[in-house]
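Presented below is the structure to which this report refers.
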Amino acid sequence: MLPVRATRKLVSYVVNPVCNVSIRNLNGATASEPWLKEEEKEYYPKPEEDKPRILITGSLGQLGTGLAKLLRNKFGKDNVIMSDIIRAPKNEFNRGPFLYADILDFKNLQEIIVNQRVDWLVHFSALLSAIGEANIPLAMRVNIEGVHNVMELAKQYHLKLFIPSTIGAFGPSSPRNPTPDLAIQRPQTIYGVSKVHAELLGEYYNYRFGLDFRCLRFPGVISADTNPGGGTTDYAVKIFHDALRTGHHECYLEPDTRLPMMYIDDCLRSLMEVMETPAENLKMRTYNVTAMSFTPAELAEEVKKYVPNFRITYRVDPVRQQIANSWPQVFDDTNARNHWGWQHEHDIHGLAKKMFDYLMPLYGKTFG
Ligand SMILES: NC(=O)C1=CN([C@@H]2O[C@H](COP(=O)(O)OP(=O)(O)OC[C@H]3O[C@@H](n4cnc5c(N)ncnc54)[C@H](O)[C@@H]3O)[C@@H](O)[C@H]2O)C=CC1
Ligand SMILES: CC(=O)[C@H](N)C(=O)O
């Protein structure tokens, strides 16, 4: 029997096929562990190469498809495993590994992590703010139980874990203009409550077990090639499609409802950057990031530069208006900028240009 001098939790016994001895195998331990003797190292897997293997949960939503593309360009197609509970469109399915993974099925997730030799876990599965309010029991399961599952698995298998949070993790008693990283957090949506839970649990696992947990609070994310999944900030995507389709957008928020926003390229880059920041440069585990803040009326003015006859009218949805009224108006991301060099690229003008450059040809329109 080979001696194992580790103090970490022993998880399995295996029979080594070469010398037919029983050795105890530590989850996630590789031959680079400093506590291994030279002769023990051959029984442990070689350390991972420089390219991590990454699992994305809920990867068919607004953020996941773009992130998979970005990560695959950087780390190789086969090193990024997309997963979701919905069927992948054929073009997505053919672009690289895709697996069914229900975030509520712990065993299935465990199997994927082991079989696919996952190193990083990007946990996107969630019910967003508006849809969460419409189905609170499901939101509690997906957003809270789902987080428990990934947190525990990331701990067991020594994964680097990213879970996004949101401006929605703040509430009406938080300072709203500007909202710093550390402030009162008493959100009044199940979405917000579940995100505060994820932030706190991740920070606790980091402190208690050394889990490499990283979290960014995103504002409303705006993208042209994917659709939002049922949030309060969704109008800021739909307005571009409506402008090109009919020239008219009926907005569910009041004209002067100011919310922080970000173009998807900035959002995904911030995620990549924080994942690659050396741990010693992270002074916190949860950071605000943002790019701009605007109201529906201000965005409509921007849209008119491209579609001069564009009209916006307002029919307020009380649920989403109430949520928006409780969220930050301006997000303070000074710490992200100072600690790990976060910088946004797109303001409201850049955002509108990007959206119209992408969407106009799809709607058969030209500028001017
Ligand atoms: N889109 C935005 O503006 C913002 C998003 N975030 C966060 O980023 C993450 C990704 O957001 P989006 O892509 O916009 O969300 P989305 O709603 O577009 O996509 C979520 C995905 O989760 C999947 N899902 C639902 N139940 C599941 C289950 N039981 N097991 C596995 N997957 C399941 C859905 O099928 C969907 O594809 C979320 O955690 C969200 O809270 C944070 C702030 C802003
Ligand atoms: C800001 C978010 O978290 C999301 N877009 C939502 O509106 O729910």
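By order in the structure tokens, chains are A, B, ...; within a chain, residues start at 1; ligands start at 1, following the order shown.
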
For the structure I just gave you, how does DSSP split region 171-274 of chain A - specifically, which residues are helix (DSSP H, G or I)? Reply as a ChimeraX atom specification. /A:190-209,235-245,264-274

Restricting it to N, CA and C atoms, dump the selection as a tab-separated table (two decimals), in the first residue's frame.
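Generated output (selection-v6.tsv):
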chain	number	residue	atom	x	y	z
A	190	ILE	N	-37.10	37.44	-6.20
A	190	ILE	CA	-36.48	36.14	-5.88
A	190	ILE	C	-35.15	36.03	-6.63
A	191	TYR	N	-35.09	36.63	-7.80
A	191	TYR	CA	-33.85	36.65	-8.58
A	191	TYR	C	-32.72	37.32	-7.78
A	192	GLY	N	-33.03	38.50	-7.24
A	192	GLY	CA	-32.03	39.23	-6.47
A	192	GLY	C	-31.63	38.49	-5.20
A	193	VAL	N	-32.63	37.92	-4.53
A	193	VAL	CA	-32.33	37.18	-3.29
A	193	VAL	C	-31.43	35.99	-3.61
A	194	SER	N	-31.71	35.29	-4.71
A	194	SER	CA	-30.90	34.12	-5.05
A	194	SER	C	-29.48	34.54	-5.45
A	195	LYS	N	-29.33	35.72	-6.03
A	195	LYS	CA	-28.00	36.17	-6.43
A	195	LYS	C	-27.18	36.61	-5.21
A	196	VAL	N	-27.83	37.25	-4.25
A	196	VAL	CA	-27.10	37.60	-3.01
A	196	VAL	C	-26.65	36.30	-2.34
A	197	HIS	N	-27.52	35.31	-2.35
A	197	HIS	CA	-27.19	34.00	-1.78
A	197	HIS	C	-25.95	33.42	-2.47
A	198	ALA	N	-25.92	33.48	-3.80
A	198	ALA	CA	-24.78	32.93	-4.55
A	198	ALA	C	-23.50	33.69	-4.21
A	199	GLU	N	-23.59	35.03	-4.15
A	199	GLU	CA	-22.40	35.84	-3.81
A	199	GLU	C	-21.85	35.43	-2.45
A	200	LEU	N	-22.75	35.35	-1.47
A	200	LEU	CA	-22.30	35.10	-0.09
A	200	LEU	C	-21.79	33.67	0.06
A	201	LEU	N	-22.46	32.73	-0.57
A	201	LEU	CA	-22.03	31.33	-0.46
A	201	LEU	C	-20.67	31.16	-1.13
A	202	GLY	N	-20.50	31.78	-2.28
A	202	GLY	CA	-19.22	31.69	-2.99
A	202	GLY	C	-18.09	32.29	-2.17
A	203	GLU	N	-18.35	33.43	-1.57
A	203	GLU	CA	-17.31	34.07	-0.76
A	203	GLU	C	-17.01	33.21	0.47
A	204	TYR	N	-18.05	32.59	1.04
A	204	TYR	CA	-17.84	31.71	2.20
A	204	TYR	C	-17.02	30.47	1.79
A	205	TYR	N	-17.34	29.85	0.67
A	205	TYR	CA	-16.58	28.67	0.22
A	205	TYR	C	-15.13	29.06	-0.09
A	206	ASN	N	-14.94	30.27	-0.57
A	206	ASN	CA	-13.58	30.73	-0.84
A	206	ASN	C	-12.80	30.85	0.46
A	207	TYR	N	-13.42	31.46	1.46
A	207	TYR	CA	-12.75	31.67	2.74
A	207	TYR	C	-12.60	30.35	3.50
A	208	ARG	N	-13.63	29.50	3.44
A	208	ARG	CA	-13.65	28.29	4.27
A	208	ARG	C	-12.87	27.13	3.63
A	209	PHE	N	-12.98	26.99	2.29
A	209	PHE	CA	-12.38	25.83	1.62
A	209	PHE	C	-11.36	26.23	0.56
A	235	TYR	N	-36.11	45.37	-22.65
A	235	TYR	CA	-36.60	46.36	-23.62
A	235	TYR	C	-35.45	46.93	-24.45
A	236	ALA	N	-34.26	47.02	-23.82
A	236	ALA	CA	-33.12	47.66	-24.48
A	236	ALA	C	-32.54	46.81	-25.60
A	237	VAL	N	-33.02	45.57	-25.73
A	237	VAL	CA	-32.68	44.74	-26.89
A	237	VAL	C	-33.83	44.83	-27.91
A	238	LYS	N	-35.04	44.68	-27.39
A	238	LYS	CA	-36.21	44.60	-28.28
A	238	LYS	C	-36.40	45.90	-29.08
A	239	ILE	N	-36.04	47.02	-28.48
A	239	ILE	CA	-36.24	48.32	-29.14
A	239	ILE	C	-35.54	48.37	-30.51
A	240	PHE	N	-34.37	47.72	-30.61
A	240	PHE	CA	-33.62	47.75	-31.88
A	240	PHE	C	-34.36	46.91	-32.94
A	241	HIS	N	-34.84	45.75	-32.54
A	241	HIS	CA	-35.58	44.89	-33.48
A	241	HIS	C	-36.86	45.58	-33.93
A	242	ASP	N	-37.60	46.16	-32.96
A	242	ASP	CA	-38.86	46.84	-33.30
A	242	ASP	C	-38.61	48.02	-34.23
A	243	ALA	N	-37.53	48.76	-33.97
A	243	ALA	CA	-37.22	49.93	-34.81
A	243	ALA	C	-37.07	49.51	-36.27
A	244	LEU	N	-36.41	48.38	-36.48
A	244	LEU	CA	-36.16	47.95	-37.85
A	244	LEU	C	-37.36	47.20	-38.45
A	245	ARG	N	-38.12	46.55	-37.59
A	245	ARG	CA	-39.25	45.75	-38.08
A	245	ARG	C	-40.46	46.64	-38.39
A	264	ILE	N	-22.79	43.32	-25.04
A	264	ILE	CA	-22.37	41.94	-24.71
A	264	ILE	C	-20.87	41.70	-24.86
A	265	ASP	N	-20.23	42.33	-25.85
A	265	ASP	CA	-18.79	42.10	-26.02
A	265	ASP	C	-18.02	42.53	-24.77
A	266	ASP	N	-18.44	43.66	-24.20
A	266	ASP	CA	-17.79	44.13	-22.97
A	266	ASP	C	-18.06	43.15	-21.83
A	267	CYS	N	-19.30	42.71	-21.75
A	267	CYS	CA	-19.69	41.80	-20.67
A	267	CYS	C	-18.84	40.53	-20.71
A	268	LEU	N	-18.74	39.93	-21.89
A	268	LEU	CA	-18.03	38.65	-21.99
A	268	LEU	C	-16.52	38.85	-21.80
A	269	ARG	N	-16.03	39.99	-22.26
A	269	ARG	CA	-14.59	40.27	-22.04
A	269	ARG	C	-14.30	40.44	-20.56
A	270	SER	N	-15.21	41.10	-19.85
A	270	SER	CA	-14.97	41.28	-18.40
A	270	SER	C	-14.91	39.92	-17.71
A	271	LEU	N	-15.75	39.00	-18.18
A	271	LEU	CA	-15.76	37.65	-17.59
A	271	LEU	C	-14.42	36.95	-17.86
A	272	MET	N	-13.97	37.01	-19.11
A	272	MET	CA	-12.68	36.38	-19.46
A	272	MET	C	-11.57	37.00	-18.63
A	273	GLU	N	-11.60	38.32	-18.52
A	273	GLU	CA	-10.50	39.00	-17.83
A	273	GLU	C	-10.47	38.64	-16.34
A	274	VAL	N	-11.62	38.60	-15.72
A	274	VAL	CA	-11.60	38.31	-14.28
A	274	VAL	C	-11.21	36.84	-14.05

Could I get the residue neighbourhood of ligand 2 at 7 Å, counting only C-alpha atoms and all ligand atoms, as a list in words?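 The residues within 7 Å of ligand 2, counting only C-alpha atoms and all ligand atoms, are Leu128, Ser129, Ala130, Thr166, Ile167, Gly168, Phe218, Pro219, Gly220, Val221, Gly230, Gly231, Thr232, Thr233 and Asp234 of chain A.
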
Output the neighbourhood of ligand 1 as a PDB file with C-alpha atoms, in the first residue's frame, that is, all protein and nucleic acid residues with some atom at most 7 Å from the ligand, counting only C-alpha atoms and all ligand atoms.
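Final output, saved to part08.pdb:
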ATOM      1  CA  THR A  57     -24.245  25.608 -17.750  1.00  0.00           C
ATOM      2  CA  GLY A  58     -27.324  27.274 -19.258  1.00  0.00           C
ATOM      3  CA  SER A  59     -25.165  27.965 -22.294  1.00  0.00           C
ATOM      4  CA  LEU A  60     -27.990  28.454 -24.808  1.00  0.00           C
ATOM      5  CA  GLY A  61     -29.190  31.678 -23.199  1.00  0.00           C
ATOM      6  CA  GLN A  62     -28.322  35.273 -24.070  1.00  0.00           C
ATOM      7  CA  LEU A  63     -24.767  35.121 -22.699  1.00  0.00           C
ATOM      8  CA  GLY A  64     -23.689  31.507 -23.164  1.00  0.00           C
ATOM      9  CA  ASP A  84     -28.342  23.214 -21.204  1.00  0.00           C
ATOM     10  CA  ILE A  85     -31.707  21.510 -20.774  1.00  0.00           C
ATOM     11  CA  ILE A  86     -33.041  22.798 -24.080  1.00  0.00           C
ATOM     12  CA  ALA A 101     -27.173  19.021 -18.145  1.00  0.00           C
ATOM     13  CA  ASP A 102     -29.941  19.831 -15.702  1.00  0.00           C
ATOM     14  CA  ILE A 103     -28.459  21.945 -12.955  1.00  0.00           C
ATOM     15  CA  LEU A 104     -30.753  20.238 -10.465  1.00  0.00           C
ATOM     16  CA  HIS A 123     -22.588  28.722 -14.192  1.00  0.00           C
ATOM     17  CA  PHE A 124     -25.130  30.620 -16.289  1.00  0.00           C
ATOM     18  CA  SER A 125     -28.347  28.643 -15.634  1.00  0.00           C
ATOM     19  CA  ALA A 126     -30.885  30.919 -13.974  1.00  0.00           C
ATOM     20  CA  LEU A 127     -34.371  32.359 -14.171  1.00  0.00           C
ATOM     21  CA  LEU A 128     -34.009  36.125 -14.643  1.00  0.00           C
ATOM     22  CA  VAL A 142     -32.902  26.648 -10.353  1.00  0.00           C
ATOM     23  CA  ILE A 163     -21.230  32.697 -11.181  1.00  0.00           C
ATOM     24  CA  PRO A 164     -22.609  35.981 -12.526  1.00  0.00           C
ATOM     25  CA  SER A 165     -24.532  38.252 -10.232  1.00  0.00           C
ATOM     26  CA  THR A 166     -26.487  41.321 -11.249  1.00  0.00           C
ATOM     27  CA  ILE A 167     -27.540  44.883 -10.481  1.00  0.00           C
ATOM     28  CA  ARG A 217     -22.384  41.809 -11.006  1.00  0.00           C
ATOM     29  CA  PHE A 218     -23.525  42.579 -14.534  1.00  0.00           C
ATOM     30  CA  PRO A 219     -25.931  45.353 -15.547  1.00  0.00           C
ATOM     31  CA  GLY A 220     -28.512  44.786 -18.294  1.00  0.00           C
ATOM     32  CA  VAL A 221     -26.701  43.078 -21.162  1.00  0.00           C
ATOM     33  CA  ILE A 222     -27.531  44.054 -24.750  1.00  0.00           C
ATOM     34  CA  ASN A 227     -32.355  37.155 -27.250  1.00  0.00           C
ATOM     35  CA  PRO A 228     -32.748  38.033 -23.580  1.00  0.00           C
ATOM     36  CA  GLY A 229     -34.383  35.453 -21.338  1.00  0.00           C
ATOM     37  CA  GLY A 230     -37.077  37.313 -19.389  1.00  0.00           C
ATOM     38  CA  GLY A 231     -35.498  40.203 -17.516  1.00  0.00           C
ATOM     39  CA  THR A 233     -33.780  45.240 -18.966  1.00  0.00           C
TER      40      THR A 233
END

Using only C-alpha atoms, which of the listed residues (A:Asn288, A:Gln329, A:Asn135, A:Asn79) sits closest to Arg176 (chain A)?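 Closest to Arg176 (chain A) of all the choices is A:Gln329.
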
Leaving out Thr257 (chain A) and any residue of its chain fewer than 3 positions from it, which residues lie within 12 Å of it when counting only C-alpha atoms, given as a PDB file with N, CA and C atoms, in the first residue's frame?
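What follows is the written file around.pdb:
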ATOM      1  N   THR A 232     -35.808  42.426 -16.696  1.00  0.00           N
ATOM      2  CA  THR A 232     -36.401  43.759 -16.625  1.00  0.00           C
ATOM      3  C   THR A 232     -35.745  44.699 -17.638  1.00  0.00           C
ATOM      4  N   THR A 233     -34.505  44.368 -18.030  1.00  0.00           N
ATOM      5  CA  THR A 233     -33.780  45.240 -18.966  1.00  0.00           C
ATOM      6  C   THR A 233     -33.971  44.818 -20.432  1.00  0.00           C
ATOM      7  N   TYR A 235     -36.108  45.373 -22.646  1.00  0.00           N
ATOM      8  CA  TYR A 235     -36.600  46.364 -23.620  1.00  0.00           C
ATOM      9  C   TYR A 235     -35.448  46.933 -24.448  1.00  0.00           C
ATOM     10  N   ALA A 236     -34.262  47.017 -23.819  1.00  0.00           N
ATOM     11  CA  ALA A 236     -33.124  47.663 -24.477  1.00  0.00           C
ATOM     12  C   ALA A 236     -32.542  46.807 -25.603  1.00  0.00           C
ATOM     13  N   CYS A 251     -42.851  50.508 -24.932  1.00  0.00           N
ATOM     14  CA  CYS A 251     -41.929  50.222 -23.832  1.00  0.00           C
ATOM     15  C   CYS A 251     -42.714  49.942 -22.544  1.00  0.00           C
ATOM     16  N   TYR A 252     -42.265  48.909 -21.805  1.00  0.00           N
ATOM     17  CA  TYR A 252     -42.961  48.550 -20.564  1.00  0.00           C
ATOM     18  C   TYR A 252     -42.415  49.303 -19.347  1.00  0.00           C
ATOM     19  N   LEU A 253     -41.380  50.139 -19.574  1.00  0.00           N
ATOM     20  CA  LEU A 253     -40.869  50.970 -18.475  1.00  0.00           C
ATOM     21  C   LEU A 253     -41.179  52.432 -18.760  1.00  0.00           C
ATOM     22  N   GLU A 254     -41.240  53.235 -17.708  1.00  0.00           N
ATOM     23  CA  GLU A 254     -41.475  54.678 -17.896  1.00  0.00           C
ATOM     24  C   GLU A 254     -40.274  55.316 -18.588  1.00  0.00           C
ATOM     25  N   PRO A 260     -28.347  50.774 -15.350  1.00  0.00           N
ATOM     26  CA  PRO A 260     -27.009  50.491 -15.903  1.00  0.00           C
ATOM     27  C   PRO A 260     -27.098  49.415 -16.983  1.00  0.00           C
ATOM     28  N   SER A 293     -25.213  54.085 -18.379  1.00  0.00           N
ATOM     29  CA  SER A 293     -26.567  54.093 -17.807  1.00  0.00           C
ATOM     30  C   SER A 293     -27.425  54.956 -18.711  1.00  0.00           C
ATOM     31  N   PHE A 294     -28.639  54.499 -19.015  1.00  0.00           N
ATOM     32  CA  PHE A 294     -29.538  55.350 -19.811  1.00  0.00           C
ATOM     33  C   PHE A 294     -30.987  55.031 -19.491  1.00  0.00           C
ATOM     34  N   THR A 295     -31.867  55.905 -19.974  1.00  0.00           N
ATOM     35  CA  THR A 295     -33.313  55.716 -19.797  1.00  0.00           C
ATOM     36  C   THR A 295     -33.895  55.284 -21.155  1.00  0.00           C
ATOM     37  N   PRO A 296     -35.110  54.753 -21.178  1.00  0.00           N
ATOM     38  CA  PRO A 296     -35.747  54.427 -22.463  1.00  0.00           C
ATOM     39  C   PRO A 296     -35.816  55.647 -23.386  1.00  0.00           C
ATOM     40  N   ALA A 297     -36.109  56.828 -22.827  1.00  0.00           N
ATOM     41  CA  ALA A 297     -36.220  58.031 -23.669  1.00  0.00           C
ATOM     42  C   ALA A 297     -34.866  58.360 -24.315  1.00  0.00           C
ATOM     43  N   GLU A 298     -33.799  58.212 -23.544  1.00  0.00           N
ATOM     44  CA  GLU A 298     -32.461  58.500 -24.101  1.00  0.00           C
ATOM     45  C   GLU A 298     -32.073  57.479 -25.166  1.00  0.00           C
ATOM     46  N   LEU A 299     -32.416  56.204 -24.936  1.00  0.00           N
ATOM     47  CA  LEU A 299     -32.084  55.188 -25.940  1.00  0.00           C
ATOM     48  C   LEU A 299     -32.893  55.428 -27.218  1.00  0.00           C
ATOM     49  N   TYR A 314     -45.381  54.289 -24.474  1.00  0.00           N
ATOM     50  CA  TYR A 314     -45.157  53.657 -23.178  1.00  0.00           C
ATOM     51  C   TYR A 314     -46.436  53.011 -22.664  1.00  0.00           C
ATOM     52  N   VAL A 316     -46.862  50.881 -19.288  1.00  0.00           N
ATOM     53  CA  VAL A 316     -46.026  50.414 -18.177  1.00  0.00           C
ATOM     54  C   VAL A 316     -46.530  49.087 -17.617  1.00  0.00           C
ATOM     55  N   ARG A 320     -42.503  44.928 -13.757  1.00  0.00           N
ATOM     56  CA  ARG A 320     -41.139  45.270 -14.183  1.00  0.00           C
ATOM     57  C   ARG A 320     -40.766  46.701 -13.781  1.00  0.00           C
ATOM     58  N   GLN A 321     -41.757  47.599 -13.769  1.00  0.00           N
ATOM     59  CA  GLN A 321     -41.462  48.973 -13.345  1.00  0.00           C
ATOM     60  C   GLN A 321     -41.033  48.995 -11.876  1.00  0.00           C
ATOM     61  N   GLN A 322     -41.731  48.224 -11.078  1.00  0.00           N
ATOM     62  CA  GLN A 322     -41.396  48.193  -9.649  1.00  0.00           C
ATOM     63  C   GLN A 322     -39.999  47.606  -9.420  1.00  0.00           C
ATOM     64  N   ILE A 323     -39.693  46.585 -10.211  1.00  0.00           N
ATOM     65  CA  ILE A 323     -38.339  45.998 -10.095  1.00  0.00           C
ATOM     66  C   ILE A 323     -37.303  47.057 -10.473  1.00  0.00           C
ATOM     67  N   ALA A 324     -37.518  47.689 -11.623  1.00  0.00           N
ATOM     68  CA  ALA A 324     -36.548  48.689 -12.096  1.00  0.00           C
ATOM     69  C   ALA A 324     -36.393  49.835 -11.087  1.00  0.00           C
ATOM     70  N   ASN A 325     -37.486  50.225 -10.459  1.00  0.00           N
ATOM     71  CA  ASN A 325     -37.426  51.328  -9.483  1.00  0.00           C
ATOM     72  C   ASN A 325     -36.599  50.969  -8.252  1.00  0.00           C
ATOM     73  N   SER A 326     -36.399  49.662  -8.044  1.00  0.00           N
ATOM     74  CA  SER A 326     -35.645  49.247  -6.855  1.00  0.00           C
ATOM     75  C   SER A 326     -34.172  48.979  -7.177  1.00  0.00           C
ATOM     76  N   TRP A 327     -33.798  49.066  -8.453  1.00  0.00           N
ATOM     77  CA  TRP A 327     -32.431  48.708  -8.873  1.00  0.00           C
ATOM     78  C   TRP A 327     -31.541  49.938  -8.970  1.00  0.00           C
ATOM     79  N   PRO A 328     -30.217  49.718  -8.973  1.00  0.00           N
ATOM     80  CA  PRO A 328     -29.291  50.831  -9.171  1.00  0.00           C
ATOM     81  C   PRO A 328     -29.595  51.599 -10.462  1.00  0.00           C
ATOM     82  N   GLN A 329     -29.340  52.909 -10.402  1.00  0.00           N
ATOM     83  CA  GLN A 329     -29.447  53.714 -11.622  1.00  0.00           C
ATOM     84  C   GLN A 329     -28.072  53.846 -12.273  1.00  0.00           C
ATOM     85  N   VAL A 330     -27.081  54.018 -11.427  1.00  0.00           N
ATOM     86  CA  VAL A 330     -25.693  54.146 -11.898  1.00  0.00           C
ATOM     87  C   VAL A 330     -24.860  53.204 -11.038  1.00  0.00           C
TER      88      VAL A 330
END

Between CA of Ala336 (chain A) and CA of Gly171 (chain A), what is the distance in Å, rounded to a tenth?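 Value for the CA of Ala336 (chain A)-CA of Gly171 (chain A) distance: 21.1 Å.
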
Computed gap from CA of Lys365 (chain A) to CA of Pro308 (chain A) is 13.0 Å

Fewer than 4 positions away in the same chain doesn't count, so skip those; otherwise give me all residues within 9 Å of Ala154 (chain A), counting only C-alpha atoms, as a list in words. Asp119, Trp120, Leu121, Asn149, Val150, His158, Leu159, Lys160, Leu161, Leu211, Asp212 and Phe213 of chain A

Please report the interatomic distance between CA of Met284 (chain A) and CA of His339 (chain A) in Å with one decimal.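 Computing the Euclidean distance for CA of Met284 (chain A) and CA of His339 (chain A) yields 8.9 Å.
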